[in-house]
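The file entry_2.cif comes next; it holds mmCIF, C-alpha atoms.
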data_run
loop_
_atom_site.group_PDB
_atom_site.id
_atom_site.type_symbol
_atom_site.label_atom_id
_atom_site.label_comp_id
_atom_site.auth_asym_id
_atom_site.auth_seq_id
_atom_site.Cartn_x
_atom_site.Cartn_y
_atom_site.Cartn_z
ATOM 1 C CA MET A 5 83.788 -180.335 -114.355
ATOM 2 C CA PHE A 6 82.231 -183.549 -113.023
ATOM 3 C CA PRO A 7 84.598 -184.270 -110.084
ATOM 4 C CA VAL A 8 83.744 -180.883 -108.621
ATOM 5 C CA LEU A 9 80.026 -180.998 -109.400
ATOM 6 C CA LEU A 10 79.364 -184.618 -108.422
ATOM 7 C CA PRO A 11 78.370 -183.807 -104.805
ATOM 8 C CA PHE A 12 76.016 -181.123 -106.070
ATOM 9 C CA LEU A 13 74.428 -183.436 -108.637
ATOM 10 C CA CYS A 14 74.000 -186.155 -106.053
ATOM 11 C CA ALA A 15 72.289 -183.770 -103.649
ATOM 12 C CA VAL A 16 69.916 -182.534 -106.340
ATOM 13 C CA PHE A 17 68.908 -185.809 -107.899
ATOM 14 C CA VAL A 18 68.651 -187.882 -104.740
ATOM 15 C CA SER A 19 65.517 -185.962 -103.775
ATOM 16 C CA ARG A 20 63.790 -186.945 -107.026
ATOM 17 C CA CYS A 21 65.266 -190.261 -108.115
ATOM 18 C CA ASP A 22 65.061 -193.664 -106.568
ATOM 19 C CA VAL A 23 68.281 -194.145 -104.598
ATOM 20 C CA CYS A 24 68.960 -197.653 -105.884
ATOM 21 C CA ASP A 25 68.362 -196.719 -109.528
ATOM 22 C CA PHE A 26 70.451 -193.566 -109.251
ATOM 23 C CA SER A 27 73.378 -195.336 -107.598
ATOM 24 C CA HIS A 28 73.246 -197.988 -110.308
ATOM 25 C CA VAL A 29 73.410 -195.371 -113.080
ATOM 26 C CA LEU A 30 76.259 -193.428 -111.487
ATOM 27 C CA GLY A 31 78.126 -196.417 -110.142
ATOM 28 C CA VAL A 32 78.329 -194.787 -106.714
ATOM 29 C CA GLU A 33 77.532 -196.480 -103.404
ATOM 30 C CA THR A 34 74.133 -195.620 -101.954
ATOM 31 C CA GLN A 35 75.470 -194.460 -98.609
ATOM 32 C CA ASP A 36 77.652 -191.889 -100.377
ATOM 33 C CA LEU A 37 74.594 -190.457 -102.063
ATOM 34 C CA LEU A 38 72.765 -190.049 -98.792
ATOM 35 C CA LYS A 39 75.500 -187.902 -97.274
ATOM 36 C CA ALA A 40 75.016 -184.143 -97.288
ATOM 37 C CA PRO A 41 77.214 -182.621 -100.023
ATOM 38 C CA THR A 42 80.287 -180.691 -99.003
ATOM 39 C CA LEU A 43 81.253 -178.188 -101.683
ATOM 40 C CA ARG A 44 84.938 -177.413 -101.961
ATOM 41 C CA ASP A 45 86.349 -173.945 -102.506
ATOM 42 C CA ASP A 46 87.143 -174.638 -106.153
ATOM 43 C CA VAL A 47 83.427 -175.054 -106.884
ATOM 44 C CA GLU A 48 83.335 -171.276 -107.278
ATOM 45 C CA ARG A 49 85.064 -171.746 -110.605
ATOM 46 C CA GLU A 50 82.162 -173.914 -111.734
ATOM 47 C CA MET A 51 79.330 -171.575 -110.744
ATOM 48 C CA GLU A 52 78.463 -170.794 -114.356
ATOM 49 C CA TYR A 53 78.055 -174.511 -115.052
ATOM 50 C CA LEU A 54 75.912 -174.810 -111.932
ATOM 51 C CA HIS A 55 73.622 -172.153 -113.389
ATOM 52 C CA LEU A 56 73.267 -174.222 -116.555
ATOM 53 C CA LEU A 57 72.434 -177.288 -114.473
ATOM 54 C CA HIS A 58 69.918 -175.304 -112.459
ATOM 55 C CA CYS A 59 68.231 -174.119 -115.658
ATOM 56 C CA PHE A 60 68.111 -177.670 -116.971
ATOM 57 C CA TRP A 61 66.605 -178.913 -113.724
ATOM 58 C CA GLN A 62 63.930 -176.223 -113.535
ATOM 59 C CA SER A 63 63.011 -176.541 -117.222
ATOM 60 C CA THR A 64 62.667 -180.322 -116.829
ATOM 61 C CA PHE A 65 61.059 -180.738 -113.405
ATOM 62 C CA GLY A 66 60.014 -177.260 -112.272
ATOM 63 C CA CYS A 67 57.147 -175.000 -113.255
ATOM 64 C CA VAL A 68 57.348 -172.505 -116.121
ATOM 65 C CA ARG A 69 57.774 -169.501 -113.833
ATOM 66 C CA ASP A 70 60.667 -171.080 -111.915
ATOM 67 C CA ALA A 71 62.358 -172.117 -115.157
ATOM 68 C CA ILE A 72 62.117 -168.596 -116.588
ATOM 69 C CA ASP A 73 63.510 -167.146 -113.361
ATOM 70 C CA ALA A 74 66.424 -169.589 -113.529
ATOM 71 C CA PHE A 75 67.223 -168.677 -117.135
ATOM 72 C CA GLU A 76 66.989 -164.953 -116.452
ATOM 73 C CA LYS A 77 69.243 -165.202 -113.413
ATOM 74 C CA ALA A 78 71.763 -167.220 -115.405
ATOM 75 C CA LEU A 79 71.763 -164.641 -118.205
ATOM 76 C CA GLY A 80 72.751 -162.008 -115.674
ATOM 77 C CA THR A 81 75.537 -164.143 -114.231
ATOM 78 C CA ILE A 82 77.247 -166.129 -117.000
ATOM 79 C CA THR A 83 79.999 -164.271 -118.848
ATOM 80 C CA LYS A 84 81.696 -166.939 -120.983
ATOM 81 C CA LEU A 85 80.497 -166.491 -124.554
ATOM 82 C CA GLU A 86 80.375 -170.219 -125.268
ATOM 83 C CA LEU A 87 78.158 -170.812 -122.233
ATOM 84 C CA ILE A 88 75.977 -167.829 -123.136
ATOM 85 C CA HIS A 89 75.341 -169.462 -126.514
ATOM 86 C CA THR A 90 74.375 -172.726 -124.825
ATOM 87 C CA LEU A 91 72.160 -170.939 -122.324
ATOM 88 C CA TRP A 92 70.271 -168.962 -124.961
ATOM 89 C CA LEU A 93 69.667 -172.030 -127.119
ATOM 90 C CA ASP A 94 68.331 -173.911 -124.089
ATOM 91 C CA TYR A 95 66.160 -170.934 -123.146
ATOM 92 C CA LEU A 96 64.692 -170.609 -126.635
ATOM 93 C CA CYS A 97 64.151 -174.351 -126.918
ATOM 94 C CA PHE A 98 62.287 -174.357 -123.598
ATOM 95 C CA SER A 99 60.227 -171.309 -124.621
ATOM 96 C CA SER A 100 59.249 -172.918 -127.928
ATOM 97 C CA LYS A 101 57.976 -176.008 -126.110
ATOM 98 C CA VAL A 102 55.876 -173.832 -123.817
ATOM 99 C CA LEU A 103 54.129 -172.334 -126.861
ATOM 100 C CA GLY A 104 52.195 -175.494 -127.614
ATOM 101 C CA GLU A 105 50.519 -176.421 -130.891
ATOM 102 C CA GLN A 106 48.225 -173.390 -131.148
ATOM 103 C CA PRO A 107 49.897 -170.477 -129.357
ATOM 104 C CA SER A 108 48.085 -167.202 -128.861
ATOM 105 C CA VAL A 109 49.168 -163.950 -130.486
ATOM 106 C CA ARG A 110 50.519 -162.749 -127.147
ATOM 107 C CA GLU A 111 52.615 -165.901 -126.688
ATOM 108 C CA LEU A 112 54.054 -165.628 -130.197
ATOM 109 C CA LYS A 113 54.885 -161.984 -129.600
ATOM 110 C CA MET A 114 56.688 -162.854 -126.377
ATOM 111 C CA PHE A 115 58.652 -165.621 -128.094
ATOM 112 C CA THR A 116 59.731 -163.449 -131.035
ATOM 113 C CA GLY A 117 60.630 -160.720 -128.552
ATOM 114 C CA LEU A 118 62.869 -163.192 -126.747
ATOM 115 C CA VAL A 119 64.529 -164.158 -130.034
ATOM 116 C CA HIS A 120 65.149 -160.497 -130.898
ATOM 117 C CA ARG A 121 66.579 -159.915 -127.443
ATOM 118 C CA CYS A 122 68.965 -162.819 -127.937
ATOM 119 C CA LEU A 123 70.111 -161.573 -131.345
ATOM 120 C CA GLU A 124 70.620 -158.021 -130.131
ATOM 121 C CA THR A 125 72.443 -158.783 -126.874
ATOM 122 C CA VAL A 126 74.827 -161.574 -127.888
ATOM 123 C CA PRO A 127 77.929 -159.954 -129.424
ATOM 124 C CA THR A 128 78.922 -160.628 -133.019
ATOM 125 C CA ARG A 129 82.205 -158.711 -132.910
ATOM 126 C CA LEU A 130 85.007 -160.944 -131.668
ATOM 127 C CA THR A 131 88.656 -160.136 -131.096
ATOM 128 C CA LEU A 132 91.285 -161.760 -133.247
ATOM 129 C CA PRO A 133 93.638 -164.229 -131.536
ATOM 130 C CA PHE A 134 96.649 -162.542 -129.928
ATOM 131 C CA SER A 135 95.243 -159.085 -130.672
ATOM 132 C CA SER A 136 92.858 -157.043 -128.555
ATOM 133 C CA SER A 137 92.637 -154.154 -131.015
ATOM 134 C CA GLN A 138 91.456 -156.042 -134.114
ATOM 135 C CA TYR A 139 88.008 -157.518 -134.529
ATOM 136 C CA TRP A 140 86.023 -159.719 -136.872
ATOM 137 C CA SER A 141 82.294 -160.371 -137.119
ATOM 138 C CA SER A 142 80.831 -163.837 -136.672
ATOM 139 C CA PHE A 143 77.117 -164.483 -137.201
ATOM 140 C CA SER A 144 77.246 -168.277 -136.926
ATOM 141 C CA PHE A 145 75.430 -168.388 -133.579
ATOM 142 C CA HIS A 146 72.886 -165.773 -134.650
ATOM 143 C CA ASN A 147 72.091 -167.710 -137.811
ATOM 144 C CA GLN A 148 71.662 -170.850 -135.725
ATOM 145 C CA VAL A 149 69.113 -169.001 -133.588
ATOM 146 C CA ILE A 150 67.315 -167.653 -136.658
ATOM 147 C CA TYR A 151 67.035 -171.069 -138.304
ATOM 148 C CA PHE A 152 65.704 -172.498 -135.045
ATOM 149 C CA CYS A 153 63.144 -169.697 -134.870
ATOM 150 C CA LEU A 154 61.993 -170.361 -138.438
ATOM 151 C CA GLY A 155 61.256 -173.950 -137.464
ATOM 152 C CA CYS A 156 58.745 -172.673 -134.904
ATOM 153 C CA PHE A 157 56.655 -170.816 -137.494
ATOM 154 C CA PRO A 158 54.794 -171.867 -140.653
ATOM 155 C CA GLU A 159 56.722 -171.441 -143.895
ATOM 156 C CA ALA A 160 54.325 -168.741 -145.069
ATOM 157 C CA GLN A 161 55.799 -166.423 -142.419
ATOM 158 C CA HIS A 162 59.463 -167.193 -143.104
ATOM 159 C CA SER A 163 59.978 -164.421 -145.640
ATOM 160 C CA LEU A 164 58.634 -161.746 -143.287
ATOM 161 C CA LEU A 165 60.691 -163.046 -140.368
ATOM 162 C CA LEU A 166 63.879 -163.208 -142.425
ATOM 163 C CA GLU A 167 63.345 -159.662 -143.650
ATOM 164 C CA ARG A 168 62.988 -158.424 -140.071
ATOM 165 C CA PHE A 169 66.094 -160.282 -138.954
ATOM 166 C CA GLN A 170 68.062 -158.979 -141.922
ATOM 167 C CA HIS A 171 67.058 -155.447 -140.964
ATOM 168 C CA ILE A 172 68.614 -156.033 -137.527
ATOM 169 C CA MET A 173 71.829 -157.479 -139.006
ATOM 170 C CA PRO A 174 72.448 -155.887 -142.420
ATOM 171 C CA ALA A 175 76.054 -157.136 -142.452
ATOM 172 C CA ASN A 176 74.990 -160.775 -142.102
ATOM 173 C CA THR A 177 75.619 -162.037 -145.638
ATOM 174 C CA GLU A 178 74.508 -165.615 -144.968
ATOM 175 C CA LEU A 179 71.175 -164.343 -143.680
ATOM 176 C CA ALA A 180 70.788 -162.082 -146.713
ATOM 177 C CA ILE A 181 71.356 -165.024 -149.056
ATOM 178 C CA ARG A 182 68.849 -167.080 -147.054
ATOM 179 C CA LEU A 183 66.307 -164.282 -147.487
ATOM 180 C CA LEU A 184 66.876 -164.235 -151.246
ATOM 181 C CA GLN A 185 66.430 -167.997 -151.361
ATOM 182 C CA GLN A 186 63.122 -167.703 -149.526
ATOM 183 C CA GLU A 187 61.894 -164.951 -151.848
ATOM 184 C CA TRP A 188 62.735 -167.100 -154.867
ATOM 185 C CA GLN A 189 60.979 -170.141 -153.388
ATOM 186 C CA ASP A 190 57.890 -168.034 -152.697
ATOM 187 C CA GLY A 191 57.843 -166.831 -156.309
ATOM 188 C CA ASN A 192 58.378 -163.176 -155.407
ATOM 189 C CA VAL A 193 60.616 -162.521 -158.407
ATOM 190 C CA GLU A 194 60.305 -158.736 -158.443
ATOM 191 C CA HIS A 195 60.921 -158.508 -154.714
ATOM 192 C CA PHE A 196 63.842 -160.886 -155.172
ATOM 193 C CA LYS A 197 65.359 -158.627 -157.836
ATOM 194 C CA LEU A 198 64.841 -155.548 -155.678
ATOM 195 C CA GLN A 199 66.480 -157.215 -152.683
ATOM 196 C CA SER A 200 69.440 -158.433 -154.749
ATOM 197 C CA ARG A 201 70.046 -154.945 -156.165
ATOM 198 C CA MET A 202 69.906 -153.436 -152.687
ATOM 199 C CA LEU A 203 72.386 -156.009 -151.409
ATOM 200 C CA CYS A 204 74.759 -155.383 -154.312
ATOM 201 C CA SER A 205 74.650 -151.675 -153.497
ATOM 202 C CA SER A 206 75.050 -152.067 -149.733
ATOM 203 C CA VAL A 207 77.761 -154.768 -149.870
ATOM 204 C CA PRO A 208 79.411 -154.292 -153.288
ATOM 205 C CA THR A 209 82.436 -156.417 -152.384
ATOM 206 C CA CYS A 210 80.384 -159.600 -151.891
ATOM 207 C CA LEU A 211 80.803 -161.759 -154.994
ATOM 208 C CA ALA A 212 77.869 -164.011 -154.068
ATOM 209 C CA PHE A 213 75.386 -161.125 -154.295
ATOM 210 C CA TRP A 214 76.564 -160.196 -157.788
ATOM 211 C CA LYS A 215 76.368 -163.800 -158.963
ATOM 212 C CA ILE A 216 72.819 -164.114 -157.640
ATOM 213 C CA ALA A 217 71.732 -160.868 -159.311
ATOM 214 C CA VAL A 218 73.276 -161.959 -162.618
ATOM 215 C CA ALA A 219 71.738 -165.433 -162.396
ATOM 216 C CA VAL A 220 68.179 -164.160 -162.058
ATOM 217 C CA GLU A 221 68.604 -161.780 -164.999
ATOM 218 C CA LYS A 222 69.997 -164.646 -167.073
ATOM 219 C CA GLU A 223 66.985 -166.723 -166.079
ATOM 220 C CA GLN A 224 64.722 -164.011 -167.458
ATOM 221 C CA ARG A 225 66.939 -163.541 -170.521
ATOM 222 C CA GLN A 226 67.623 -159.886 -169.774
ATOM 223 C CA ARG A 227 70.921 -159.708 -171.680
ATOM 224 C CA ALA A 228 71.335 -155.949 -171.464
ATOM 225 C CA GLU A 229 70.822 -156.024 -167.700
ATOM 226 C CA VAL A 230 73.302 -158.889 -167.365
ATOM 227 C CA ARG A 231 75.946 -156.858 -169.203
ATOM 228 C CA ARG A 232 75.242 -153.840 -167.014
ATOM 229 C CA LEU A 233 75.577 -155.928 -163.865
ATOM 230 C CA TYR A 234 78.871 -157.428 -165.027
ATOM 231 C CA GLN A 235 80.200 -153.971 -165.835
ATOM 232 C CA THR A 236 79.242 -152.604 -162.418
ATOM 233 C CA ALA A 237 80.481 -155.687 -160.582
ATOM 234 C CA LEU A 238 83.882 -155.544 -162.282
ATOM 235 C CA GLN A 239 84.225 -151.913 -161.241
ATOM 236 C CA LYS A 240 83.701 -152.961 -157.626
ATOM 237 C CA LEU A 241 85.746 -156.184 -157.840
ATOM 238 C CA PRO A 242 88.349 -155.543 -160.548
ATOM 239 C CA LEU A 243 90.733 -158.227 -159.261
ATOM 240 C CA CYS A 244 88.167 -161.039 -159.177
ATOM 241 C CA ALA A 245 89.280 -163.530 -161.832
ATOM 242 C CA ALA A 246 86.091 -165.607 -161.459
ATOM 243 C CA LEU A 247 83.989 -162.567 -162.341
ATOM 244 C CA TRP A 248 86.085 -161.773 -165.417
ATOM 245 C CA LYS A 249 85.802 -165.395 -166.515
ATOM 246 C CA ASP A 250 82.001 -165.422 -166.115
ATOM 247 C CA CYS A 251 81.701 -162.191 -168.076
ATOM 248 C CA LEU A 252 83.880 -163.526 -170.881
ATOM 249 C CA LEU A 253 82.012 -166.833 -171.082
ATOM 250 C CA PHE A 254 78.672 -165.028 -171.116
ATOM 251 C CA GLU A 255 79.692 -162.901 -174.084
ATOM 252 C CA ALA A 256 81.073 -165.952 -175.867
ATOM 253 C CA ALA A 257 77.856 -167.906 -175.271
ATOM 254 C CA GLU A 258 75.832 -164.990 -176.594
ATOM 255 C CA GLY A 259 77.823 -165.053 -179.826
ATOM 256 C CA GLY A 260 79.871 -162.009 -178.980
ATOM 257 C CA LYS A 261 82.142 -160.580 -181.633
ATOM 258 C CA THR A 262 85.852 -161.227 -181.503
ATOM 259 C CA ASP A 263 86.520 -157.543 -180.833
ATOM 260 C CA THR A 264 84.201 -157.616 -177.808
ATOM 261 C CA LEU A 265 85.917 -160.670 -176.352
ATOM 262 C CA LYS A 266 89.334 -159.159 -177.019
ATOM 263 C CA LYS A 267 88.344 -155.959 -175.203
ATOM 264 C CA ILE A 268 87.346 -157.953 -172.133
ATOM 265 C CA ILE A 269 90.645 -159.845 -172.161
ATOM 266 C CA ASP A 270 92.618 -156.612 -172.634
ATOM 267 C CA LYS A 271 90.835 -154.918 -169.717
ATOM 268 C CA CYS A 272 91.438 -157.977 -167.605
ATOM 269 C CA GLN A 273 95.155 -157.877 -168.367
ATOM 270 C CA GLU A 274 95.294 -154.143 -167.670
ATOM 271 C CA VAL A 275 94.313 -154.689 -164.042
ATOM 272 C CA GLY A 276 96.781 -157.561 -163.741
ATOM 273 C CA VAL A 277 94.368 -160.509 -163.653
ATOM 274 C CA SER A 278 95.228 -163.704 -165.511
ATOM 275 C CA LEU A 279 92.447 -165.921 -166.835
ATOM 276 C CA SER A 280 94.687 -168.854 -167.688
ATOM 277 C CA GLU A 281 93.920 -170.768 -164.513
ATOM 278 C CA PRO A 282 90.161 -169.952 -164.264
ATOM 279 C CA LEU A 283 89.692 -170.959 -167.906
ATOM 280 C CA GLY A 284 91.811 -174.078 -167.514
ATOM 281 C CA LEU A 285 94.467 -172.879 -169.943
ATOM 282 C CA GLU A 286 97.417 -173.734 -167.707
ATOM 283 C CA PRO A 287 99.797 -176.174 -169.430
ATOM 284 C CA SER A 288 99.576 -179.674 -167.998
ATOM 285 C CA HIS A 289 102.765 -181.211 -166.654
ATOM 286 C CA SER A 290 102.946 -184.917 -167.355
ATOM 287 C CA GLU A 291 105.164 -186.882 -165.056
#
Translate this file's structure into structure tokens.
Amino acid sequence: MFPVLLPFLCAVFVSRCDVCDFSHVLGVETQDLLKAPTLRDDVEREMEYLHLLHCFWQSTFGCVRDAIDAFEKALGTITKLELIHTLWLDYLCFSSKVLGEQPSVRELKMFTGLVHRCLETVPTRLTLPFSSSQYWSSFSFHNQVIYFCLGCFPEAQHSLLLERFQHIMPANTELAIRLLQQEWQDGNVEHFKLQSRMLCSSVPTCLAFWKIAVAVEKEQRQRAEVRRLYQTALQKLPLCAALWKDCLLFEAAEGGKTDTLKKIIDKCQEVGVSLSEPLGLEPSHSE
């Protein structure tokens, strides 16, 4: 990128920087910097990067209005997903700095609106390599934006913000787990239990949700509810050896009868799941 953009950078910075200092940093002769830049035809391929540079320049040296205009124009021009991610993060970072220490309600509303716009417009469905007909969902960028947004608000508001974001992206499992973590930290146990049940119902194939729901019931010593959760979870994930193992160990720890443990093992074998490896019963091979 830099060989093509060097004339452009020189033309931009020479108007603001001391010529001697700038030439020293770049290692370029002063007289070269003073020449008017001549952009080659292949600079067209770098226009999206030029938009990023323009946004950086305006957000650093320009006024707020000019910076916003630069970001908005870039959002309507850049098409590469990787650059869109970079642009949005720069835009949100700039907007958060504009808020100041004590932002008004209107400013906070505008900032959260910008975050929602970012989350709703940046695609999460990506095509698989070498296939244009198959897709997968990636929320890594969206979660990065959400965690950045949380850092701009007091912790007392995190639970409400996470709940709103989770409503926008119900399939975002990492965000759902982050919401549960926040509810637990805030001491909202009943709300935590309600959320975990809803998640188990909406995404029954996610093992993490079942483990979280079971863990909180164990914490409160609700043995009957733990058994019910294991029974329901195993109906949804019958081939999950880790789940069978946890269920078996729970019954054993609770002093379960031999018949009860044998029934669990028999059901496990019926569906074709072996517990030898999860329970560490594989024979060791000494060399």
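Nearest residue to A:Glu187, choosing from A:Leu165, A:Val207, A:Ala245, A:Cys122 and counting only C-alpha atoms: A:Leu165.
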Axis-aligned box for all listed atoms of stretch 246-250 of chain A, 3 Å per side, centre and edges in Å to one decimal, as lines of an AutoDock Vina configuration file:
center_x = 84.0
center_y = -163.7
center_z = -164.0
size_x = 10.1
size_y = 9.8
size_z = 11.1
Translate the PyMOL selection byres ((chain A and resi 194-204) around 7), as applied to the file shown, into an explicit residue set as an mmCIF file with C-alpha atoms, keeping the file's coordinate frame.
data_model
loop_
_atom_site.group_PDB
_atom_site.id
_atom_site.type_symbol
_atom_site.label_atom_id
_atom_site.label_comp_id
_atom_site.auth_asym_id
_atom_site.auth_seq_id
_atom_site.Cartn_x
_atom_site.Cartn_y
_atom_site.Cartn_z
ATOM 1 C CA LEU A 184 66.876 -164.235 -151.246
ATOM 2 C CA GLU A 187 61.894 -164.951 -151.848
ATOM 3 C CA TRP A 188 62.735 -167.100 -154.867
ATOM 4 C CA ASN A 192 58.378 -163.176 -155.407
ATOM 5 C CA VAL A 193 60.616 -162.521 -158.407
ATOM 6 C CA SER A 205 74.650 -151.675 -153.497
ATOM 7 C CA SER A 206 75.050 -152.067 -149.733
ATOM 8 C CA VAL A 207 77.761 -154.768 -149.870
ATOM 9 C CA PRO A 208 79.411 -154.292 -153.288
ATOM 10 C CA PHE A 213 75.386 -161.125 -154.295
ATOM 11 C CA TRP A 214 76.564 -160.196 -157.788
ATOM 12 C CA ALA A 217 71.732 -160.868 -159.311
#
Picked residues, the PyMOL selection byres ((chain A and resi 92-109) around 10), as a CSV table (one decimal) with C-alpha atoms, in the frame of the given file:
chain,number,residue,atom,x,y,z
A,56,LEU,CA,73.3,-174.2,-116.6
A,59,CYS,CA,68.2,-174.1,-115.7
A,60,PHE,CA,68.1,-177.7,-117.0
A,63,SER,CA,63.0,-176.5,-117.2
A,64,THR,CA,62.7,-180.3,-116.8
A,68,VAL,CA,57.3,-172.5,-116.1
A,71,ALA,CA,62.4,-172.1,-115.2
A,72,ILE,CA,62.1,-168.6,-116.6
A,74,ALA,CA,66.4,-169.6,-113.5
A,75,PHE,CA,67.2,-168.7,-117.1
A,76,GLU,CA,67.0,-165.0,-116.5
A,78,ALA,CA,71.8,-167.2,-115.4
A,79,LEU,CA,71.8,-164.6,-118.2
A,87,LEU,CA,78.2,-170.8,-122.2
A,88,ILE,CA,76.0,-167.8,-123.1
A,89,HIS,CA,75.3,-169.5,-126.5
A,90,THR,CA,74.4,-172.7,-124.8
A,91,LEU,CA,72.2,-170.9,-122.3
A,110,ARG,CA,50.5,-162.7,-127.1
A,111,GLU,CA,52.6,-165.9,-126.7
A,112,LEU,CA,54.1,-165.6,-130.2
A,113,LYS,CA,54.9,-162.0,-129.6
A,114,MET,CA,56.7,-162.9,-126.4
A,115,PHE,CA,58.7,-165.6,-128.1
A,116,THR,CA,59.7,-163.4,-131.0
A,118,LEU,CA,62.9,-163.2,-126.7
A,119,VAL,CA,64.5,-164.2,-130.0
A,122,CYS,CA,69.0,-162.8,-127.9
A,123,LEU,CA,70.1,-161.6,-131.3
A,126,VAL,CA,74.8,-161.6,-127.9
A,145,PHE,CA,75.4,-168.4,-133.6
A,148,GLN,CA,71.7,-170.8,-135.7
A,149,VAL,CA,69.1,-169.0,-133.6
A,152,PHE,CA,65.7,-172.5,-135.0
A,153,CYS,CA,63.1,-169.7,-134.9
A,155,GLY,CA,61.3,-174.0,-137.5
A,156,CYS,CA,58.7,-172.7,-134.9
In file coordinates, which residues lie within 10 Å of (83.7, -156.2, -161.2) using only C-alpha atoms, given as a compact mmCIF listing (two decimals) with C-alpha atoms, in the frame of the given file?
# COMPACT_ATOMS: atom_id res chain seq x y z
CA PRO A 208 79.41 -154.29 -153.29
CA THR A 209 82.44 -156.42 -152.38
CA LEU A 211 80.80 -161.76 -154.99
CA TRP A 214 76.56 -160.20 -157.79
CA LEU A 233 75.58 -155.93 -163.86
CA TYR A 234 78.87 -157.43 -165.03
CA GLN A 235 80.20 -153.97 -165.84
CA THR A 236 79.24 -152.60 -162.42
CA ALA A 237 80.48 -155.69 -160.58
CA LEU A 238 83.88 -155.54 -162.28
CA GLN A 239 84.22 -151.91 -161.24
CA LYS A 240 83.70 -152.96 -157.63
CA LEU A 241 85.75 -156.18 -157.84
CA PRO A 242 88.35 -155.54 -160.55
CA LEU A 243 90.73 -158.23 -159.26
CA CYS A 244 88.17 -161.04 -159.18
CA ALA A 245 89.28 -163.53 -161.83
CA ALA A 246 86.09 -165.61 -161.46
CA LEU A 247 83.99 -162.57 -162.34
CA TRP A 248 86.08 -161.77 -165.42
CA CYS A 251 81.70 -162.19 -168.08
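Taking only C-alpha atoms into account, A:Phe169 lies nearest to A:Arg121 out of the set A:Lys261, A:Asp190, A:Leu130, A:Arg121.
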Point to revise | Who sits within 10 Å of A:Glu124, only C-alpha atoms, same chain under 6 positions skipped, as a PyMOL selection string | key: chain A and resi 118+146+172-173
Revision key, fill the gap. Pairwise distance, atom CA of A:Leu164 with atom CA of A:Leu183, equals 9.1 Å
Practice item. Report as number ranges by chain the residues that result from applying the PyMOL selection byres ((chain A and resi 278) around 12) to the structure here. Key: A: 242-249, 268-277, 279-286
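Counting all atoms listed in the file, the residue from A:His120, A:Phe254, A:Ser137, A:Lys215 that sits nearest to A:Arg168 is A:His120.
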Point to revise | Atom pair atom CA of A:Leu252 / atom CA of A:Arg231: separation (Å) | key: 10.5 Å
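Checking A:Thr125, A:Ser135, A:Gln62, A:Thr262 one by one against A:Leu85, counting only C-alpha atoms, you find the shortest gap at A:Thr125.
Taking atom CA of A:Leu154 as the reference point, atom CA of A:Arg182 is found at 11.5 Å.
Nearest to A:Glu167 of all the residues A:Thr264, A:Thr81, A:Thr131, A:Gln186 is A:Gln186, based on all atoms listed in the file.
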Point to revise | Best match for closeness to A:His162 among A:Gly66, A:Ala257, A:Arg129, A:Gln189, counting all atoms listed in the file | key: A:Gln189
For stretch 254-265 of chain A, supply N, CA and C atoms and format the output as a PDB file, keeping the file's coordinate frame.
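So the final result, stored in part.pdb, reads:
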ATOM      1  N   PHE A 254      80.021-165.486-170.764  1.00  0.00           N
ATOM      2  CA  PHE A 254      78.672-165.028-171.116  1.00  0.00           C
ATOM      3  C   PHE A 254      78.661-164.410-172.508  1.00  0.00           C
ATOM      4  N   GLU A 255      79.630-163.537-172.767  1.00  0.00           N
ATOM      5  CA  GLU A 255      79.692-162.901-174.084  1.00  0.00           C
ATOM      6  C   GLU A 255      79.951-163.932-175.179  1.00  0.00           C
ATOM      7  N   ALA A 256      80.792-164.911-174.877  1.00  0.00           N
ATOM      8  CA  ALA A 256      81.073-165.952-175.867  1.00  0.00           C
ATOM      9  C   ALA A 256      79.829-166.788-176.145  1.00  0.00           C
ATOM     10  N   ALA A 257      79.073-167.110-175.100  1.00  0.00           N
ATOM     11  CA  ALA A 257      77.856-167.906-175.271  1.00  0.00           C
ATOM     12  C   ALA A 257      76.783-167.139-176.026  1.00  0.00           C
ATOM     13  N   GLU A 258      76.811-165.818-175.901  1.00  0.00           N
ATOM     14  CA  GLU A 258      75.832-164.990-176.594  1.00  0.00           C
ATOM     15  C   GLU A 258      76.261-164.667-178.024  1.00  0.00           C
ATOM     16  N   GLY A 259      77.347-165.287-178.464  1.00  0.00           N
ATOM     17  CA  GLY A 259      77.823-165.053-179.826  1.00  0.00           C
ATOM     18  C   GLY A 259      78.503-163.717-179.993  1.00  0.00           C
ATOM     19  N   GLY A 260      79.200-163.302-178.938  1.00  0.00           N
ATOM     20  CA  GLY A 260      79.871-162.009-178.980  1.00  0.00           C
ATOM     21  C   GLY A 260      80.941-161.945-180.060  1.00  0.00           C
ATOM     22  N   LYS A 261      81.139-160.765-180.590  1.00  0.00           N
ATOM     23  CA  LYS A 261      82.142-160.580-181.633  1.00  0.00           C
ATOM     24  C   LYS A 261      83.543-160.744-181.053  1.00  0.00           C
ATOM     25  N   THR A 262      84.466-161.034-181.934  1.00  0.00           N
ATOM     26  CA  THR A 262      85.852-161.227-181.503  1.00  0.00           C
ATOM     27  C   THR A 262      86.406-159.969-180.849  1.00  0.00           C
ATOM     28  N   ASP A 263      86.041-158.808-181.403  1.00  0.00           N
ATOM     29  CA  ASP A 263      86.520-157.543-180.833  1.00  0.00           C
ATOM     30  C   ASP A 263      86.019-157.363-179.399  1.00  0.00           C
ATOM     31  N   THR A 264      84.769-157.748-179.157  1.00  0.00           N
ATOM     32  CA  THR A 264      84.201-157.616-177.808  1.00  0.00           C
ATOM     33  C   THR A 264      84.941-158.503-176.821  1.00  0.00           C
ATOM     34  N   LEU A 265      85.198-159.741-177.230  1.00  0.00           N
ATOM     35  CA  LEU A 265      85.917-160.670-176.352  1.00  0.00           C
ATOM     36  C   LEU A 265      87.344-160.192-176.111  1.00  0.00           C
TER      37      LEU A 265
END
